[in-house]
>>> print(open('my_file23.pdb').read())   # PDB, C-alpha atoms, pLDDT in the B column
ATOM      1  CA  MET B   1     121.836 -19.858  -1.426  1.00 51.00           C
ATOM      2  CA  SER B   2     118.996 -17.911  -0.537  1.00 59.00           C
ATOM      3  CA  PRO B   3     116.529 -19.158   1.955  1.00 57.00           C
ATOM      4  CA  LEU B   4     113.801 -19.194  -0.611  1.00 55.00           C
ATOM      5  CA  VAL B   5     115.702 -21.456  -3.011  1.00 51.00           C
ATOM      6  CA  GLN B   6     116.582 -23.811  -0.145  1.00 57.00           C
ATOM      7  CA  LEU B   7     112.970 -23.995   0.839  1.00 52.00           C
ATOM      8  CA  ALA B   8     112.034 -24.783  -2.730  1.00 49.00           C
ATOM      9  CA  ALA B   9     114.653 -27.523  -3.004  1.00 52.00           C
ATOM     10  CA  GLU B  10     113.503 -29.117   0.200  1.00 55.00           C
ATOM     11  CA  THR B  11     109.858 -29.188  -0.783  1.00 62.00           C
ATOM     12  CA  GLU B  12     108.763 -30.999  -3.785  1.00 67.00           C
ATOM     13  CA  ASN B  13     107.769 -29.194  -6.922  1.00 71.00           C
ATOM     14  CA  PRO B  14     103.974 -29.251  -7.235  1.00 71.00           C
ATOM     15  CA  LEU B  15     104.287 -29.201 -10.990  1.00 76.00           C
ATOM     16  CA  PHE B  16     106.291 -32.397 -11.026  1.00 77.00           C
ATOM     17  CA  PRO B  17     104.693 -35.020  -8.783  1.00 77.00           C
ATOM     18  CA  PRO B  18     106.690 -37.962  -7.509  1.00 82.00           C
ATOM     19  CA  ILE B  19     107.137 -40.791  -9.996  1.00 87.00           C
ATOM     20  CA  PRO B  20     105.181 -43.460  -8.097  1.00 89.00           C
ATOM     21  CA  GLU B  21     102.157 -41.179  -7.827  1.00 88.00           C
ATOM     22  CA  LEU B  22     102.486 -40.351 -11.496  1.00 87.00           C
ATOM     23  CA  VAL B  23     102.526 -44.053 -12.458  1.00 93.00           C
ATOM     24  CA  ILE B  24      99.543 -44.891 -10.186  1.00 95.00           C
ATOM     25  CA  GLY B  25      97.595 -41.909 -11.579  1.00 92.00           C
ATOM     26  CA  LEU B  26      98.458 -42.933 -15.141  1.00 94.00           C
ATOM     27  CA  ILE B  27      97.321 -46.557 -14.517  1.00 97.00           C
ATOM     28  CA  ALA B  28      94.089 -45.308 -12.889  1.00 96.00           C
ATOM     29  CA  PHE B  29      93.517 -42.985 -15.850  1.00 95.00           C
ATOM     30  CA  VAL B  30      94.029 -45.827 -18.348  1.00 95.00           C
ATOM     31  CA  ILE B  31      91.635 -48.082 -16.381  1.00 94.00           C
ATOM     32  CA  VAL B  32      88.957 -45.374 -16.184  1.00 93.00           C
ATOM     33  CA  PHE B  33      89.521 -44.422 -19.833  1.00 92.00           C
ATOM     34  CA  GLY B  34      89.365 -48.073 -20.910  1.00 92.00           C
ATOM     35  CA  PHE B  35      86.166 -48.590 -18.895  1.00 89.00           C
ATOM     36  CA  LEU B  36      84.601 -45.495 -20.421  1.00 87.00           C
ATOM     37  CA  ALA B  37      85.761 -46.490 -23.905  1.00 88.00           C
ATOM     38  CA  LYS B  38      84.385 -50.042 -23.558  1.00 91.00           C
ATOM     39  CA  LYS B  39      81.154 -49.360 -21.695  1.00 88.00           C
ATOM     40  CA  LEU B  40      80.037 -45.762 -22.157  1.00 87.00           C
ATOM     41  CA  LEU B  41      81.469 -44.790 -25.536  1.00 88.00           C
ATOM     42  CA  PRO B  42      79.450 -47.391 -27.540  1.00 89.00           C
ATOM     43  CA  ASN B  43      76.259 -46.335 -25.728  1.00 89.00           C
ATOM     44  CA  ILE B  44      77.007 -42.669 -26.343  1.00 88.00           C
ATOM     45  CA  ASN B  45      77.776 -43.391 -30.032  1.00 90.00           C
ATOM     46  CA  LYS B  46      74.604 -45.467 -30.286  1.00 92.00           C
ATOM     47  CA  VAL B  47      72.484 -42.673 -28.784  1.00 92.00           C
ATOM     48  CA  LEU B  48      74.171 -40.104 -31.022  1.00 92.00           C
ATOM     49  CA  GLU B  49      73.544 -42.300 -34.084  1.00 93.00           C
ATOM     50  CA  GLN B  50      69.895 -42.705 -33.094  1.00 92.00           C
ATOM     51  CA  ARG B  51      69.566 -38.957 -32.678  1.00 92.00           C
ATOM     52  CA  ARG B  52      71.218 -38.367 -36.027  1.00 91.00           C
ATOM     53  CA  GLU B  53      68.860 -40.868 -37.698  1.00 89.00           C
ATOM     54  CA  ALA B  54      65.872 -39.339 -35.912  1.00 88.00           C
ATOM     55  CA  ILE B  55      66.888 -35.878 -37.041  1.00 88.00           C
ATOM     56  CA  GLU B  56      67.523 -37.042 -40.604  1.00 87.00           C
ATOM     57  CA  GLY B  57      64.246 -39.015 -40.543  1.00 84.00           C
ATOM     58  CA  GLY B  58      62.488 -35.959 -39.160  1.00 84.00           C
ATOM     59  CA  ILE B  59      63.964 -33.845 -41.917  1.00 87.00           C
ATOM     60  CA  GLU B  60      62.923 -36.410 -44.513  1.00 87.00           C
ATOM     61  CA  LYS B  61      59.459 -36.581 -42.957  1.00 86.00           C
ATOM     62  CA  ALA B  62      59.291 -32.798 -42.909  1.00 86.00           C
ATOM     63  CA  GLU B  63      60.355 -32.665 -46.566  1.00 89.00           C
ATOM     64  CA  ALA B  64      57.793 -35.345 -47.429  1.00 89.00           C
ATOM     65  CA  ALA B  65      55.129 -33.462 -45.469  1.00 89.00           C
ATOM     66  CA  GLN B  66      56.131 -30.247 -47.198  1.00 91.00           C
ATOM     67  CA  THR B  67      55.957 -31.951 -50.590  1.00 93.00           C
ATOM     68  CA  GLU B  68      52.559 -33.402 -49.715  1.00 92.00           C
ATOM     69  CA  ALA B  69      51.387 -30.012 -48.434  1.00 92.00           C
ATOM     70  CA  GLN B  70      52.571 -28.419 -51.662  1.00 94.00           C
ATOM     71  CA  SER B  71      50.694 -31.079 -53.633  1.00 94.00           C
ATOM     72  CA  VAL B  72      47.551 -30.507 -51.578  1.00 93.00           C
ATOM     73  CA  LEU B  73      47.958 -26.756 -52.057  1.00 93.00           C
ATOM     74  CA  GLU B  74      48.227 -27.207 -55.818  1.00 94.00           C
ATOM     75  CA  GLN B  75      45.130 -29.427 -55.779  1.00 94.00           C
ATOM     76  CA  TYR B  76      43.316 -26.843 -53.689  1.00 94.00           C
ATOM     77  CA  LYS B  77      44.315 -24.071 -56.080  1.00 93.00           C
ATOM     78  CA  ALA B  78      43.188 -26.176 -59.040  1.00 93.00           C
ATOM     79  CA  GLN B  79      39.862 -26.933 -57.348  1.00 94.00           C
ATOM     80  CA  LEU B  80      39.445 -23.283 -56.439  1.00 94.00           C
ATOM     81  CA  ALA B  81      40.148 -22.231 -60.021  1.00 93.00           C
ATOM     82  CA  GLU B  82      37.711 -24.866 -61.256  1.00 94.00           C
ATOM     83  CA  ALA B  83      35.090 -23.702 -58.757  1.00 93.00           C
ATOM     84  CA  ARG B  84      35.564 -20.102 -59.863  1.00 94.00           C
ATOM     85  CA  HIS B  85      35.268 -21.154 -63.487  1.00 94.00           C
ATOM     86  CA  GLU B  86      32.125 -23.146 -62.685  1.00 94.00           C
ATOM     87  CA  ALA B  87      30.673 -20.198 -60.756  1.00 93.00           C
ATOM     88  CA  ALA B  88      31.376 -17.895 -63.695  1.00 93.00           C
ATOM     89  CA  ARG B  89      29.764 -20.389 -66.076  1.00 94.00           C
ATOM     90  CA  LEU B  90      26.704 -20.720 -63.810  1.00 94.00           C
ATOM     91  CA  ARG B  91      26.489 -16.941 -63.494  1.00 94.00           C
ATOM     92  CA  GLN B  92      26.657 -16.635 -67.296  1.00 94.00           C
ATOM     93  CA  GLU B  93      23.968 -19.299 -67.711  1.00 93.00           C
ATOM     94  CA  ALA B  94      21.784 -17.541 -65.153  1.00 92.00           C
ATOM     95  CA  GLN B  95      22.198 -14.245 -66.991  1.00 94.00           C
ATOM     96  CA  GLU B  96      21.332 -15.918 -70.290  1.00 93.00           C
ATOM     97  CA  GLN B  97      18.317 -17.629 -68.743  1.00 93.00           C
ATOM     98  CA  GLY B  98      17.289 -14.330 -67.179  1.00 91.00           C
ATOM     99  CA  ALA B  99      17.581 -12.570 -70.530  1.00 92.00           C
ATOM    100  CA  THR B 100      15.598 -15.365 -72.194  1.00 93.00           C
ATOM    101  CA  LEU B 101      12.981 -15.226 -69.466  1.00 93.00           C
ATOM    102  CA  ILE B 102      12.731 -11.447 -69.788  1.00 93.00           C
ATOM    103  CA  ALA B 103      12.352 -11.764 -73.566  1.00 93.00           C
ATOM    104  CA  GLU B 104       9.663 -14.433 -73.113  1.00 93.00           C
ATOM    105  CA  MET B 105       7.858 -12.316 -70.539  1.00 93.00           C
ATOM    106  CA  ARG B 106       8.000  -9.288 -72.866  1.00 93.00           C
ATOM    107  CA  ALA B 107       6.675 -11.365 -75.747  1.00 92.00           C
ATOM    108  CA  GLU B 108       3.914 -12.737 -73.518  1.00 92.00           C
ATOM    109  CA  GLY B 109       3.096  -9.223 -72.299  1.00 92.00           C
ATOM    110  CA  GLN B 110       3.051  -7.970 -75.883  1.00 93.00           C
ATOM    111  CA  ARG B 111       0.759 -10.825 -76.909  1.00 93.00           C
ATOM    112  CA  GLN B 112      -1.570 -10.170 -73.970  1.00 93.00           C
ATOM    113  CA  ARG B 113      -1.553  -6.440 -74.738  1.00 93.00           C
ATOM    114  CA  GLU B 114      -2.453  -7.156 -78.346  1.00 92.00           C
ATOM    115  CA  GLU B 115      -5.234  -9.483 -77.211  1.00 93.00           C
ATOM    116  CA  ILE B 116      -6.554  -6.829 -74.835  1.00 93.00           C
ATOM    117  CA  VAL B 117      -6.337  -4.146 -77.546  1.00 92.00           C
ATOM    118  CA  ALA B 118      -8.060  -6.449 -80.052  1.00 92.00           C
ATOM    119  CA  ALA B 119     -10.737  -7.297 -77.490  1.00 91.00           C
ATOM    120  CA  GLY B 120     -11.117  -3.576 -76.762  1.00 91.00           C
ATOM    121  CA  HIS B 121     -11.451  -2.786 -80.467  1.00 90.00           C
ATOM    122  CA  ALA B 122     -13.980  -5.583 -80.853  1.00 90.00           C
ATOM    123  CA  GLN B 123     -15.897  -4.294 -77.832  1.00 91.00           C
ATOM    124  CA  ILE B 124     -15.758  -0.750 -79.165  1.00 91.00           C
ATOM    125  CA  GLU B 125     -16.957  -1.950 -82.560  1.00 89.00           C
ATOM    126  CA  ALA B 126     -19.759  -3.946 -80.926  1.00 89.00           C
ATOM    127  CA  ASP B 127     -20.689  -0.941 -78.764  1.00 89.00           C
ATOM    128  CA  ARG B 128     -20.589   1.320 -81.821  1.00 84.00           C
ATOM    129  CA  ARG B 129     -22.878  -1.023 -83.730  1.00 85.00           C
ATOM    130  CA  SER B 130     -25.177  -1.301 -80.746  1.00 88.00           C
ATOM    131  CA  ALA B 131     -25.175   2.487 -80.326  1.00 84.00           C
ATOM    132  CA  ALA B 132     -25.780   2.932 -84.052  1.00 78.00           C
ATOM    133  CA  GLN B 133     -28.636   0.440 -83.921  1.00 81.00           C
ATOM    134  CA  SER B 134     -30.092   2.111 -80.833  1.00 83.00           C
ATOM    135  CA  LEU B 135     -29.615   5.524 -82.441  1.00 78.00           C
ATOM    136  CA  ARG B 136     -31.329   4.305 -85.615  1.00 74.00           C
ATOM    137  CA  GLN B 137     -34.274   3.123 -83.579  1.00 76.00           C
ATOM    138  CA  ASP B 138     -34.426   6.334 -81.548  1.00 80.00           C
ATOM    139  CA  VAL B 139     -34.006   8.547 -84.617  1.00 75.00           C
ATOM    140  CA  GLY B 140     -36.568   6.462 -86.478  1.00 72.00           C
ATOM    141  CA  HIS B 141     -39.004   6.657 -83.625  1.00 74.00           C
ATOM    142  CA  LEU B 142     -38.512  10.427 -83.284  1.00 77.00           C
ATOM    143  CA  ALA B 143     -38.752  10.887 -87.063  1.00 73.00           C
ATOM    144  CA  THR B 144     -41.969   8.859 -87.142  1.00 72.00           C
ATOM    145  CA  GLU B 145     -43.441  10.911 -84.311  1.00 74.00           C
ATOM    146  CA  LEU B 146     -42.369  14.142 -85.980  1.00 74.00           C
ATOM    147  CA  ALA B 147     -43.719  13.013 -89.341  1.00 69.00           C
ATOM    148  CA  GLY B 148     -46.934  11.943 -87.653  1.00 68.00           C
ATOM    149  CA  LYS B 149     -47.271  15.369 -86.030  1.00 71.00           C
ATOM    150  CA  LEU B 150     -46.545  17.088 -89.329  1.00 69.00           C
ATOM    151  CA  VAL B 151     -48.989  14.968 -91.316  1.00 62.00           C
ATOM    152  CA  GLY B 152     -51.473  14.860 -88.531  1.00 57.00           C
ATOM    153  CA  GLU B 153     -51.910  11.111 -88.739  1.00 59.00           C
ATOM    154  CA  SER B 154     -50.356   8.269 -86.847  1.00 60.00           C
ATOM    155  CA  LEU B 155     -47.700   6.405 -88.747  1.00 59.00           C
ATOM    156  CA  GLU B 156     -47.658   3.376 -86.486  1.00 62.00           C
ATOM    157  CA  ASP B 157     -47.311   0.701 -89.161  1.00 62.00           C
ATOM    158  CA  HIS B 158     -44.079  -0.893 -88.023  1.00 64.00           C
ATOM    159  CA  ALA B 159     -43.053  -2.556 -91.257  1.00 65.00           C
ATOM    160  CA  ARG B 160     -43.510   0.572 -93.317  1.00 63.00           C
ATOM    161  CA  GLN B 161     -41.929   2.667 -90.600  1.00 64.00           C
ATOM    162  CA  SER B 162     -38.806   0.439 -90.465  1.00 70.00           C
ATOM    163  CA  ARG B 163     -38.369   0.524 -94.237  1.00 70.00           C
ATOM    164  CA  VAL B 164     -38.656   4.297 -94.411  1.00 70.00           C
ATOM    165  CA  ILE B 165     -36.251   4.790 -91.530  1.00 71.00           C
ATOM    166  CA  ASP B 166     -33.725   2.293 -92.875  1.00 75.00           C
ATOM    167  CA  ARG B 167     -33.825   3.882 -96.318  1.00 77.00           C
ATOM    168  CA  PHE B 168     -33.374   7.360 -94.802  1.00 74.00           C
ATOM    169  CA  LEU B 169     -30.447   6.310 -92.621  1.00 75.00           C
ATOM    170  CA  ASP B 170     -28.767   4.384 -95.449  1.00 80.00           C
ATOM    171  CA  GLU B 171     -28.926   7.517 -97.599  1.00 81.00           C
ATOM    172  CA  LEU B 172     -27.332   9.514 -94.746  1.00 76.00           C
ATOM    173  CA  GLU B 173     -24.530   6.980 -94.372  1.00 81.00           C
ATOM    174  CA  GLU B 174     -23.833   7.011 -98.114  1.00 85.00           C
ATOM    175  CA  LYS B 175     -23.597  10.808 -98.062  1.00 82.00           C
ATOM    176  CA  ALA B 176     -21.248  10.670 -95.030  1.00 79.00           C
ATOM    177  CA  GLU B 177     -18.981   8.130 -96.701  1.00 83.00           C
ATOM    178  CA  ALA B 178     -18.943  10.129 -99.937  1.00 84.00           C
ATOM    179  CA  THR B 179     -17.702  13.216 -98.088  1.00 81.00           C
ATOM    180  CA  ARG B 180     -14.792  11.329 -96.527  1.00 69.00           C
TER
END
>>> encode(input="my_file23.pdb", output="structure tokens")
Amino acid sequence: MSPLVQLAAETENPLFPPIPELVIGLIAFVIVFGFLAKKLLPNINKVLEQRREAIEGGIEKAEAAQTEAQSVLEQYKAQLAEARHEAARLRQEAQEQGATLIAEMRAEGQRQREEIVAAGHAQIEADRRSAAQSLRQDVGHLATELAGKLVGESLEDHARQSRVIDRFLDELEEKAEATR
């Protein structure tokens, strides 16, 4: 035999330990495994179950929160749409009120303009009458003076003078109206 094979036969095979060590190792393994199975495994399973429940509860809570957030979002969108509708309605009302106010202001301005024009016409008519009256007096006075200078006598009798002047001016007005 070769020296290497002899050496291997004399020393024990490290892959196959001696039987007593194998039995003691197996008993120690069973004791440690039994201890772990009885003491640690239930605690580990309990912690894992709690984690699983926490994760599932967290998912359920997240889904509930997401559902609630979606509901709140829908409410917000509905309120926003309602607010936009209300703003549009208020804007429309404001435009209508503005148009009404403008129409009222125009009507009021038109009425005031007509009053001013009527007052102006009345004032012009009053001024025309006053001017005509003043002109009648001035023309009458000048005519009386001229007639007095032509006749050579004073025609200072007021009553007679007024009648003559009025008759003369009335005849002139009738002629002026006839030519129109």
>>> atom_distance(input="my_file23.pdb", atom1="CA of Leu135 in chain B", atom2="CA of Glu171 in chain B")
15.3 Å
>>> axis_aligned_box(input="my_file23.pdb", around="range 69-81 of chain B", padding_each_side="8 Å", output="AutoDock Vina command-line options")
--center_x 46.0 --center_y -26.7 --center_z -54.2 --size_x 29.1 --size_y 24.8 --size_z 27.6
>>> closest_residue(input="my_file23.pdb", among="B:Ala118, B:Val47, B:Ala126, B:Ile165", to="Asp138 in chain B", atoms="only C-alpha atoms")
B:Ile165
>>> atom_distance(input="my_file23.pdb", atom1="CA of Ser134 in chain B", atom2="CA of Glu115 in chain B")
27.7 Å
>>> closest_residue(input="my_file23.pdb", among="B:Gly109, B:Glu125, B:Thr179, B:Ala143", to="Val164 in chain B", atoms="all atoms listed in the file")
B:Ala143
>>> atom_distance(input="my_file23.pdb", atom1="CA of Gln79 in chain B", atom2="CA of Thr67 in chain B")
18.2 Å
>>> closest_residue(input="my_file23.pdb", among="B:Gln110, B:Gln123, B:Gln137, B:Ser130", to="Arg163 in chain B", atoms="all atoms listed in the file")
B:Gln137
>>> decode(input="my_file23.pdb", residues="range 65-112 of chain B", atoms="C-alpha atoms", output="PDB file, in the first residue's frame")
ATOM      1  CA  ALA B  65     -57.303  57.242   3.793  1.00  0.00           C
ATOM      2  CA  GLN B  66     -57.064  57.130   0.017  1.00  0.00           C
ATOM      3  CA  THR B  67     -60.818  56.608  -0.262  1.00  0.00           C
ATOM      4  CA  GLU B  68     -61.422  59.476   2.153  1.00  0.00           C
ATOM      5  CA  ALA B  69     -58.941  61.658   0.257  1.00  0.00           C
ATOM      6  CA  GLN B  70     -60.723  60.814  -2.980  1.00  0.00           C
ATOM      7  CA  SER B  71     -64.045  61.717  -1.356  1.00  0.00           C
ATOM      8  CA  VAL B  72     -62.625  65.000  -0.076  1.00  0.00           C
ATOM      9  CA  LEU B  73     -61.176  65.682  -3.526  1.00  0.00           C
ATOM     10  CA  GLU B  74     -64.565  65.084  -5.131  1.00  0.00           C
ATOM     11  CA  GLN B  75     -66.191  67.393  -2.573  1.00  0.00           C
ATOM     12  CA  TYR B  76     -63.526  69.997  -3.244  1.00  0.00           C
ATOM     13  CA  LYS B  77     -64.066  69.721  -6.989  1.00  0.00           C
ATOM     14  CA  ALA B  78     -67.826  70.016  -6.500  1.00  0.00           C
ATOM     15  CA  GLN B  79     -67.384  73.064  -4.260  1.00  0.00           C
ATOM     16  CA  LEU B  80     -64.953  74.580  -6.733  1.00  0.00           C
ATOM     17  CA  ALA B  81     -67.389  74.018  -9.592  1.00  0.00           C
ATOM     18  CA  GLU B  82     -70.177  75.504  -7.488  1.00  0.00           C
ATOM     19  CA  ALA B  83     -67.992  78.487  -6.590  1.00  0.00           C
ATOM     20  CA  ARG B  84     -67.140  79.025 -10.249  1.00  0.00           C
ATOM     21  CA  HIS B  85     -70.807  78.799 -11.160  1.00  0.00           C
ATOM     22  CA  GLU B  86     -71.679  81.260  -8.390  1.00  0.00           C
ATOM     23  CA  ALA B  87     -68.908  83.616  -9.527  1.00  0.00           C
ATOM     24  CA  ALA B  88     -70.199  83.456 -13.097  1.00  0.00           C
ATOM     25  CA  ARG B  89     -73.742  84.131 -11.879  1.00  0.00           C
ATOM     26  CA  LEU B  90     -72.554  87.082  -9.761  1.00  0.00           C
ATOM     27  CA  ARG B  91     -70.530  88.411 -12.689  1.00  0.00           C
ATOM     28  CA  GLN B  92     -73.615  88.128 -14.921  1.00  0.00           C
ATOM     29  CA  GLU B  93     -75.761  89.892 -12.318  1.00  0.00           C
ATOM     30  CA  ALA B  94     -73.159  92.635 -11.981  1.00  0.00           C
ATOM     31  CA  GLN B  95     -73.091  93.101 -15.747  1.00  0.00           C
ATOM     32  CA  GLU B  96     -76.885  93.254 -15.848  1.00  0.00           C
ATOM     33  CA  GLN B  97     -76.961  95.717 -12.961  1.00  0.00           C
ATOM     34  CA  GLY B  98     -74.253  97.752 -14.670  1.00  0.00           C
ATOM     35  CA  ALA B  99     -76.236  97.801 -17.907  1.00  0.00           C
ATOM     36  CA  THR B 100     -79.379  98.783 -15.992  1.00  0.00           C
ATOM     37  CA  LEU B 101     -77.484 101.475 -14.127  1.00  0.00           C
ATOM     38  CA  ILE B 102     -76.015 102.801 -17.371  1.00  0.00           C
ATOM     39  CA  ALA B 103     -79.481 102.859 -18.951  1.00  0.00           C
ATOM     40  CA  GLU B 104     -80.886 104.671 -15.901  1.00  0.00           C
ATOM     41  CA  MET B 105     -78.026 107.157 -15.939  1.00  0.00           C
ATOM     42  CA  ARG B 106     -78.557 107.777 -19.672  1.00  0.00           C
ATOM     43  CA  ALA B 107     -82.275 108.274 -19.120  1.00  0.00           C
ATOM     44  CA  GLU B 108     -81.553 110.632 -16.224  1.00  0.00           C
ATOM     45  CA  GLY B 109     -78.999 112.510 -18.335  1.00  0.00           C
ATOM     46  CA  GLN B 110     -81.488 112.719 -21.194  1.00  0.00           C
ATOM     47  CA  ARG B 111     -84.172 114.015 -18.833  1.00  0.00           C
ATOM     48  CA  GLN B 112     -81.795 116.593 -17.353  1.00  0.00           C
TER      49      GLN B 112
END
